[in-house]
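Asks: Next comes coords_37.txt, compact mmCIF, C-alpha atoms (C1' of nucleotides):
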# COMPACT_ATOMS: atom_id res chain seq x y z
CA MET A 1 -18.95 -11.55 3.19
CA LYS A 2 -20.94 -8.35 3.23
CA LEU A 3 -20.18 -5.61 0.69
CA ALA A 4 -21.68 -2.13 0.78
CA THR A 5 -21.55 1.28 -0.85
CA TRP A 6 -22.81 4.62 0.44
CA ASN A 7 -22.66 8.13 -0.96
CA VAL A 8 -22.47 9.96 2.37
CA ASN A 9 -22.54 13.57 1.02
CA SER A 10 -19.74 14.80 3.35
CA VAL A 11 -17.96 12.21 5.47
CA ASN A 12 -17.50 14.64 8.35
CA VAL A 13 -21.11 15.77 8.53
CA ARG A 14 -22.26 12.14 8.36
CA LEU A 15 -19.57 10.67 10.64
CA PRO A 16 -21.86 9.90 13.63
CA GLN A 17 -24.36 8.18 11.33
CA LEU A 18 -21.56 6.36 9.54
CA VAL A 19 -20.06 4.99 12.77
CA GLU A 20 -23.49 3.89 13.97
CA TRP A 21 -24.32 2.25 10.66
CA LEU A 22 -21.03 0.33 10.63
CA ALA A 23 -21.83 -1.02 14.10
CA VAL A 24 -25.30 -2.16 13.08
CA ALA A 25 -24.76 -3.33 9.48
CA ARG A 26 -21.22 -4.67 10.06
CA PRO A 27 -20.10 -4.78 6.41
CA ASP A 28 -16.75 -6.38 5.58
CA VAL A 29 -16.14 -3.79 2.87
CA LEU A 30 -17.70 -0.33 2.57
CA CYS A 31 -17.13 2.05 -0.32
CA LEU A 32 -17.83 5.73 0.33
CA GLN A 33 -18.45 8.53 -2.16
CA GLU A 34 -18.66 12.31 -1.87
CA LEU A 35 -16.31 12.55 1.07
CA LYS A 36 -15.98 16.30 0.37
CA ALA A 37 -12.78 16.21 2.40
CA GLU A 38 -9.08 16.03 1.70
CA GLU A 39 -6.98 13.35 3.33
CA PRO A 40 -5.94 15.52 6.34
CA LYS A 41 -9.59 16.11 7.22
CA TYR A 42 -10.67 12.51 6.64
CA PRO A 43 -11.80 10.99 9.98
CA ARG A 44 -9.37 8.09 9.76
CA LYS A 45 -8.86 7.68 13.51
CA GLU A 46 -12.56 7.69 14.32
CA LEU A 47 -13.23 5.03 11.69
CA GLU A 48 -10.29 2.94 12.92
CA ALA A 49 -11.80 3.13 16.40
CA ALA A 50 -14.97 1.76 14.78
CA GLY A 51 -12.93 -1.17 13.44
CA TYR A 52 -12.22 -0.10 9.86
CA VAL A 53 -9.05 0.81 7.97
CA SER A 54 -9.47 3.21 5.04
CA ALA A 55 -7.88 3.65 1.63
CA VAL A 56 -8.70 7.25 0.69
CA SER A 57 -8.59 9.49 -2.36
CA GLY A 58 -9.84 12.78 -0.94
CA GLN A 59 -10.72 16.16 -2.38
CA LYS A 60 -11.85 19.45 -0.89
CA THR A 61 -15.50 20.48 -1.40
CA TYR A 62 -16.37 17.94 -4.11
CA ASN A 63 -16.00 14.23 -4.86
CA GLY A 64 -13.62 12.08 -2.80
CA VAL A 65 -13.85 8.29 -2.39
CA ALA A 66 -12.72 5.67 0.12
CA ILE A 67 -12.65 1.92 0.68
CA LEU A 68 -13.10 0.74 4.28
CA ALA A 69 -12.23 -2.77 5.39
CA ARG A 70 -11.45 -4.70 8.57
CA GLY A 71 -7.79 -5.02 7.61
CA ALA A 72 -5.71 -2.60 5.58
CA PRO A 73 -6.75 -2.55 1.89
CA ALA A 74 -3.76 -3.66 -0.25
CA ASP A 75 -2.45 -2.62 -3.66
CA VAL A 76 -4.32 0.69 -3.57
CA VAL A 77 -4.73 2.43 -6.93
CA PRO A 78 -6.44 5.85 -7.00
CA GLY A 79 -8.12 7.11 -10.17
CA ILE A 80 -8.45 5.49 -13.58
CA PRO A 81 -4.89 4.76 -14.76
CA GLY A 82 -4.15 6.74 -17.91
CA LEU A 83 -7.08 9.13 -17.45
CA ALA A 84 -6.07 12.68 -16.58
CA ASP A 85 -8.84 13.71 -14.19
CA GLU A 86 -8.48 16.15 -11.31
CA GLN A 87 -11.75 14.91 -9.83
CA LYS A 88 -11.22 12.20 -7.21
CA ARG A 89 -13.81 9.68 -8.29
CA VAL A 90 -12.18 6.24 -8.21
CA ILE A 91 -10.12 4.13 -5.86
CA ALA A 92 -9.33 0.43 -6.13
CA ALA A 93 -7.82 -1.98 -3.61
CA THR A 94 -7.54 -5.63 -2.74
CA VAL A 95 -9.47 -6.84 0.32
CA GLN A 96 -8.94 -10.49 1.20
CA ASP A 97 -9.39 -12.32 -2.14
CA LEU A 98 -11.48 -9.58 -3.77
CA ARG A 99 -10.46 -6.76 -6.05
CA VAL A 100 -12.67 -3.82 -5.06
CA VAL A 101 -13.25 -0.77 -7.26
CA CYS A 102 -15.07 2.18 -5.67
CA VAL A 103 -16.57 4.67 -8.14
CA TYR A 104 -18.29 8.03 -7.97
CA CYS A 105 -19.47 8.45 -11.55
CA PRO A 106 -20.12 12.00 -12.79
CA ASN A 107 -23.56 13.49 -12.37
CA GLY A 108 -23.82 14.91 -15.89
CA GLN A 109 -25.98 17.88 -14.83
CA ALA A 110 -28.09 18.07 -18.01
CA VAL A 111 -28.25 16.16 -21.29
CA GLY A 112 -26.12 17.96 -23.86
CA SER A 113 -24.09 19.96 -21.33
CA ASP A 114 -20.30 19.89 -21.07
CA LYS A 115 -20.66 17.85 -17.89
CA TYR A 116 -22.83 15.35 -19.72
CA GLU A 117 -20.14 14.89 -22.37
CA TYR A 118 -17.57 14.48 -19.59
CA LYS A 119 -19.81 11.84 -18.01
CA LEU A 120 -20.05 9.79 -21.20
CA GLY A 121 -16.31 10.02 -21.85
CA TRP A 122 -15.63 9.09 -18.26
CA PHE A 123 -17.81 5.98 -18.53
CA SER A 124 -15.90 4.97 -21.65
CA ALA A 125 -12.61 5.24 -19.72
CA LEU A 126 -14.13 3.29 -16.83
CA ARG A 127 -15.18 0.50 -19.18
CA GLU A 128 -11.64 0.18 -20.56
CA TYR A 129 -10.22 0.13 -17.03
CA LEU A 130 -12.66 -2.51 -15.79
CA ALA A 131 -12.03 -4.68 -18.85
CA ALA A 132 -8.33 -4.74 -17.91
CA GLU A 133 -9.09 -5.27 -14.22
CA LEU A 134 -11.29 -8.26 -15.05
CA GLN A 135 -8.40 -9.83 -16.93
CA ARG A 136 -6.17 -9.48 -13.87
CA HIS A 137 -8.80 -10.13 -11.20
CA PRO A 138 -11.60 -12.62 -11.90
CA ARG A 139 -12.97 -11.89 -8.42
CA LEU A 140 -13.89 -8.26 -9.12
CA VAL A 141 -16.56 -6.09 -7.51
CA VAL A 142 -17.39 -2.53 -8.57
CA LEU A 143 -19.38 -0.53 -6.04
CA GLY A 144 -20.54 3.04 -6.05
CA ASP A 145 -22.74 5.88 -7.12
CA PHE A 146 -23.11 5.36 -10.88
CA ASN A 147 -25.53 8.25 -11.40
CA VAL A 148 -27.47 6.08 -13.86
CA ALA A 149 -30.88 4.48 -13.28
CA PRO A 150 -30.49 1.36 -15.44
CA ASP A 151 -34.13 0.97 -16.47
CA ASP A 152 -37.60 2.33 -15.79
CA ARG A 153 -38.07 0.07 -12.75
CA ASP A 154 -35.35 2.17 -11.16
CA VAL A 155 -37.25 5.43 -11.61
CA HIS A 156 -40.22 6.59 -9.51
CA ASP A 157 -41.84 8.44 -12.43
CA PRO A 158 -40.40 7.24 -15.74
CA LYS A 159 -42.63 9.58 -17.77
CA ALA A 160 -41.44 12.66 -15.90
CA TRP A 161 -37.81 11.53 -16.17
CA GLU A 162 -37.92 10.41 -19.81
CA GLY A 163 -34.81 11.55 -21.64
CA GLN A 164 -33.42 13.36 -18.60
CA VAL A 165 -29.94 13.03 -17.20
CA HIS A 166 -29.48 9.74 -15.25
CA VAL A 167 -31.94 7.90 -17.49
CA SER A 168 -31.04 9.07 -21.03
CA GLU A 169 -30.34 6.37 -23.59
CA PRO A 170 -26.60 7.15 -23.98
CA GLU A 171 -26.14 6.84 -20.22
CA ARG A 172 -28.04 3.57 -20.11
CA ALA A 173 -25.98 2.32 -23.06
CA ALA A 174 -22.83 3.18 -21.07
CA TRP A 175 -24.24 1.15 -18.16
CA ARG A 176 -25.02 -1.81 -20.43
CA ALA A 177 -21.47 -1.61 -21.82
CA LEU A 178 -20.21 -2.26 -18.29
CA LEU A 179 -22.50 -5.28 -17.93
CA ALA A 180 -21.29 -6.52 -21.33
CA LEU A 181 -17.81 -6.90 -19.83
CA GLY A 182 -19.24 -9.75 -17.78
CA LEU A 183 -20.52 -7.87 -14.74
CA LYS A 184 -23.87 -8.44 -13.04
CA ASP A 185 -26.06 -5.93 -11.21
CA SER A 186 -26.23 -7.71 -7.85
CA PHE A 187 -29.59 -6.10 -7.05
CA ARG A 188 -31.23 -7.77 -10.06
CA LEU A 189 -29.99 -11.25 -9.17
CA PHE A 190 -32.93 -11.44 -6.74
CA GLU A 191 -36.63 -10.72 -6.50
CA GLN A 192 -36.96 -7.17 -5.22
CA PRO A 193 -39.80 -5.03 -3.90
CA GLU A 194 -41.16 -2.66 -6.54
CA LYS A 195 -40.02 0.94 -6.35
CA THR A 196 -36.81 0.28 -4.47
CA PHE A 197 -34.53 3.32 -4.79
CA SER A 198 -31.19 4.49 -3.40
CA TRP A 199 -31.47 8.27 -3.80
CA TRP A 200 -34.22 10.76 -2.99
CA ASP A 201 -34.05 14.52 -3.54
CA TYR A 202 -33.80 16.54 -0.35
CA ARG A 203 -36.61 18.76 -1.64
CA MET A 204 -40.32 18.22 -2.13
CA MET A 205 -40.53 15.62 0.65
CA ALA A 206 -39.24 13.21 -1.96
CA PHE A 207 -38.30 10.50 0.54
CA ARG A 208 -41.75 10.50 2.15
CA ARG A 209 -43.30 10.21 -1.30
CA ASN A 210 -40.68 7.59 -2.30
CA ALA A 211 -39.90 9.79 -5.28
CA GLY A 212 -36.46 8.35 -5.91
CA LEU A 213 -34.01 6.74 -8.29
CA ARG A 214 -31.87 3.62 -7.98
CA ILE A 215 -28.44 4.90 -8.99
CA ASP A 216 -26.14 3.25 -6.41
CA HIS A 217 -25.05 -0.16 -7.56
CA ILE A 218 -22.86 -3.19 -6.87
CA LEU A 219 -21.51 -4.95 -9.95
CA LEU A 220 -20.12 -8.47 -9.57
CA SER A 221 -17.92 -10.48 -11.90
CA ASP A 222 -19.39 -13.85 -12.88
CA ALA A 223 -17.32 -15.69 -10.29
CA LEU A 224 -18.73 -13.47 -7.53
CA ALA A 225 -22.29 -13.34 -8.90
CA GLN A 226 -22.43 -17.12 -8.50
CA ALA A 227 -21.60 -16.70 -4.81
CA CYS A 228 -24.04 -13.82 -4.17
CA VAL A 229 -26.82 -14.79 -1.77
CA ALA A 230 -28.52 -11.43 -1.13
CA SER A 231 -28.60 -7.83 -2.29
CA GLY A 232 -30.65 -4.75 -1.44
CA ILE A 233 -30.89 -1.15 -0.25
CA ASP A 234 -30.90 -0.17 3.43
CA LYS A 235 -33.31 2.77 3.68
CA ALA A 236 -32.86 3.22 7.44
CA PRO A 237 -30.12 5.90 7.32
CA ARG A 238 -32.23 8.02 4.96
CA LYS A 239 -34.88 8.29 7.70
CA LEU A 240 -32.55 9.94 10.22
CA GLU A 241 -32.25 13.62 11.03
CA ARG A 242 -29.86 15.38 8.64
CA PRO A 243 -29.36 12.37 6.36
CA SER A 244 -27.37 11.86 3.21
CA ASP A 245 -29.65 11.98 0.18
CA HIS A 246 -28.39 8.47 -0.69
CA ALA A 247 -29.01 5.18 1.13
CA PRO A 248 -26.46 2.35 1.31
CA ALA A 249 -26.61 -0.53 -1.17
CA LEU A 250 -25.52 -3.99 -0.02
CA ALA A 251 -24.58 -7.38 -1.41
CA GLU A 252 -23.69 -10.53 0.48
CA LEU A 253 -21.39 -13.26 -0.78
CA ALA A 254 -21.50 -16.82 0.55
C1' DA B 255 -44.79 26.51 -10.87
C1' DT B 256 -38.29 24.37 -13.52
C1' DG B 257 -38.61 25.93 -7.43
C1' DG B 258 -38.71 23.54 -3.28
C1' DC B 259 -32.87 21.09 0.18
C1' DT B 260 -28.03 20.43 1.68
C1' DA B 261 -22.94 21.14 1.87
C1' DC B 262 -19.22 23.97 0.96
C1' DG B 263 -16.35 27.94 0.79
C1' DA B 264 -16.78 32.02 -0.21
C1' DT B 265 -19.26 35.83 2.43
C1' DC B 266 -24.68 36.91 3.80
C1' DC B 267 -24.53 34.44 -2.35
C1' DG B 268 -22.80 31.10 -5.99
C1' DT B 269 -21.74 26.34 -7.28
C1' DA B 270 -22.97 21.71 -7.34
C1' DG B 271 -25.48 17.81 -6.53
C1' DA B 272 -29.37 14.48 -9.02
Here is a file; write its structure as structure tokens.
Replies:
Amino acid sequence: MKLATWNVNSVNVRLPQLVEWLAVARPDVLCLQELKAEEPKYPRKELEAAGYVSAVSGQKTYNGVAILARGAPADVVPGIPGLADEQKRVIAATVQDLRVVCVYCPNGQAVGSDKYEYKLGWFSALREYLAAELQRHPRLVVLGDFNVAPDDRDVHDPKAWEGQVHVSEPERAAWRALLALGLKDSFRLFEQPEKTFSWWDYRMMAFRRNAGLRIDHILLSDALAQACVASGIDKAPRKLERPSDHAPALAELA
DNA sequence: ATGGCTACGATCCGTAGA
């Protein structure tokens, strides 16, 4: 079973690339972030023609998340229950025997900013939610754009990024608090090429210089981590004309 | 050099992303 996550930076702009990627990569589950579209403008029919049914929590201009699967996702829950948040950043659903949580974690803008404080509070609410989900669903997978590079291996230039948003110690502590629930970073279950990233700035020819961060992740509960046989980043879509600034992350379960 | 893209929704610039 192939699981994937991709921050597409506008589902409608990226739709041709998305349809093509689905045909080539053939994931069983795909989580999308930054739809930048409300439900009426979500390309549901086009994606159904490509063989995927979507559970969607859409928003105009910003945010917006979806779970795509071969059959209709069941027991769909948008948002973090109990958290009042107008930003559409989370959707959960059951696909076959998996509980799937799709997340678009806040960016945080700059350490010390209001958005940074929102990010840390949001991660705290996410941890509480996932703790409860793990109790209900031992076969849990959390996929998405976490906007945190877990350690210096995930940063092209750790010195330049030291203390900055996405790598600051409080953000990394929030990441470790998720792992402490009993979740594994699927990417780190395997030997990986050095300097593997999932996001590259549009500016400064960052992709050509491989000046990136690994901030898109797939977290597996222990039961699923034991069944994971591969994980990685697919850089191919980032090489296309007019790409998303993120590349898809993948994990395969036996 | 603190910018440099890209998308969006408002206009022909501001906000946001990371």
Asks: Using all atoms listed in the file, which residues sit within 9 Å of region 231-247 of chain A once same-chain residues fewer than 5 positions away are excluded, as a count of residues only?
Replies: 30
Asks: Considering only C-alpha atoms (C1' of nucleotides), extract the chain A residues located within 6 Å of chain B and return them as number ranges by chain.
Replies: A: 61, 202-204
Asks: Just need the box for chain B, edges along x, y and z, holding every atom the file lists for it with 4 Å tacked onto each side, so centre and edge lengths in Å to one decimal, as AutoDock Vina command-line options.
Replies:
--center_x -30.6 --center_y 25.7 --center_z -4.9 --size_x 36.4 --size_y 30.4 --size_z 25.3
Asks: Mind giving me the straight-line distance from CA of Pro73 (chain A) to CA of Val53 (chain A) in Å, one decimal?
Replies: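 CA of Val53 (chain A) lies at a distance of 7.3 Å from CA of Pro73 (chain A).
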Asks: Could you tell me how far CA of Val101 (chain A) sits from CA of Leu126 (chain A), in Å to one decimal place?
Replies: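 Distance between the two atoms: 10.4 Å.
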Asks: Which distance in Å separates CA of Arg26 (chain A) and CA of Lys2 (chain A), to one decimal?
Replies: 7.8 Å
Asks: Write out as a ChimeraX atom specification each polymer residue whose atoms come within 12 Å of Pro78 (chain A), counting all atoms listed in the file; drop sequence neighbours fewer than 5 positions from it.
Replies: /A:55-58,64-67,83-93,100-103
Asks: For the selection you just gave me, I'd like the residues written to a file as a CSV table (one decimal), in the coordinates of the input, keeping C-alpha atoms.
Replies:
chain,number,residue,atom,x,y,z
A,55,ALA,CA,-7.9,3.6,1.6
A,56,VAL,CA,-8.7,7.2,0.7
A,57,SER,CA,-8.6,9.5,-2.4
A,58,GLY,CA,-9.8,12.8,-0.9
A,64,GLY,CA,-13.6,12.1,-2.8
A,65,VAL,CA,-13.8,8.3,-2.4
A,66,ALA,CA,-12.7,5.7,0.1
A,67,ILE,CA,-12.6,1.9,0.7
A,83,LEU,CA,-7.1,9.1,-17.4
A,84,ALA,CA,-6.1,12.7,-16.6
A,85,ASP,CA,-8.8,13.7,-14.2
A,86,GLU,CA,-8.5,16.2,-11.3
A,87,GLN,CA,-11.8,14.9,-9.8
A,88,LYS,CA,-11.2,12.2,-7.2
A,89,ARG,CA,-13.8,9.7,-8.3
A,90,VAL,CA,-12.2,6.2,-8.2
A,91,ILE,CA,-10.1,4.1,-5.9
A,92,ALA,CA,-9.3,0.4,-6.1
A,93,ALA,CA,-7.8,-2.0,-3.6
A,100,VAL,CA,-12.7,-3.8,-5.1
A,101,VAL,CA,-13.2,-0.8,-7.3
A,102,CYS,CA,-15.1,2.2,-5.7
A,103,VAL,CA,-16.6,4.7,-8.1
Asks: Can you list, as a ChimeraX atom specification, every protein, DNA or RNA residue that comes within 9 Å of Phe123 (chain A) when you count only C-alpha atoms (C1' of nucleotides), leaving out same-chain residues fewer than 6 positions away?
Replies: /A:105-106,171,174-175,178
Asks: Go ahead and dump the residues you just picked, C-alpha atoms, as a PDB file, in the coordinates of the input.
Replies:
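Okay, this is what ended up in part_13.pdb:
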ATOM      1  CA  CYS A 105     -19.470   8.450 -11.550  1.00  0.00           C
ATOM      2  CA  PRO A 106     -20.120  12.000 -12.790  1.00  0.00           C
ATOM      3  CA  GLU A 171     -26.140   6.840 -20.220  1.00  0.00           C
ATOM      4  CA  ALA A 174     -22.830   3.180 -21.070  1.00  0.00           C
ATOM      5  CA  TRP A 175     -24.240   1.150 -18.160  1.00  0.00           C
ATOM      6  CA  LEU A 178     -20.210  -2.260 -18.290  1.00  0.00           C
TER       7      LEU A 178
END
Asks: Rank nothing, just name the residue among A:Leu250, A:Ala177, A:Ala125, A:Val95 nearest to Arg139 (chain A), using all atoms listed in the file.
Replies: A:Val95
Asks: Pick out the residues sitting within 10 Å of Lys41 (chain A), and hand them over as a ChimeraX atom specification; count only C-alpha atoms (C1' of nucleotides), and ignore anything fewer than 6 positions along from it in its own chain.
Replies: /A:11-12,35,58-60
Asks: Of the candidates A:Ala251, A:Glu46, A:Leu30, A:Glu39, which one gets nearest to Pro16 (chain A) if we count all atoms listed in the file?
Replies: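 When distances to Pro16 (chain A) are compared using all atoms listed in the file, the smallest one comes from A:Glu46.
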Asks: Kindly indicate which residue among A:Val165, A:Leu140, A:Cys228, A:Val77 lies nearest to Glu117 (chain A), using only C-alpha atoms for the distances.
Replies: A:Val165
Asks: For a cut-off of 10 Å around (-41.8, 3.1, -8.2), file coordinates, pick out all residues using all atoms listed in the file and list them as a ChimeraX atom specification.
Replies: /A:152-158,193-197,210-214
Asks: Output C-alpha atoms of each residue in that selection to a file, as a tab-separated table (two decimals), keeping the file's coordinate frame.
Replies:
chain	number	residue	atom	x	y	z
A	152	ASP	CA	-37.60	2.33	-15.79
A	153	ARG	CA	-38.07	0.07	-12.75
A	154	ASP	CA	-35.35	2.17	-11.16
A	155	VAL	CA	-37.25	5.43	-11.61
A	156	HIS	CA	-40.22	6.59	-9.51
A	157	ASP	CA	-41.84	8.44	-12.43
A	158	PRO	CA	-40.40	7.24	-15.74
A	193	PRO	CA	-39.80	-5.03	-3.90
A	194	GLU	CA	-41.16	-2.66	-6.54
A	195	LYS	CA	-40.02	0.94	-6.35
A	196	THR	CA	-36.81	0.28	-4.47
A	197	PHE	CA	-34.53	3.32	-4.79
A	210	ASN	CA	-40.68	7.59	-2.30
A	211	ALA	CA	-39.90	9.79	-5.28
A	212	GLY	CA	-36.46	8.35	-5.91
A	213	LEU	CA	-34.01	6.74	-8.29
A	214	ARG	CA	-31.87	3.62	-7.98
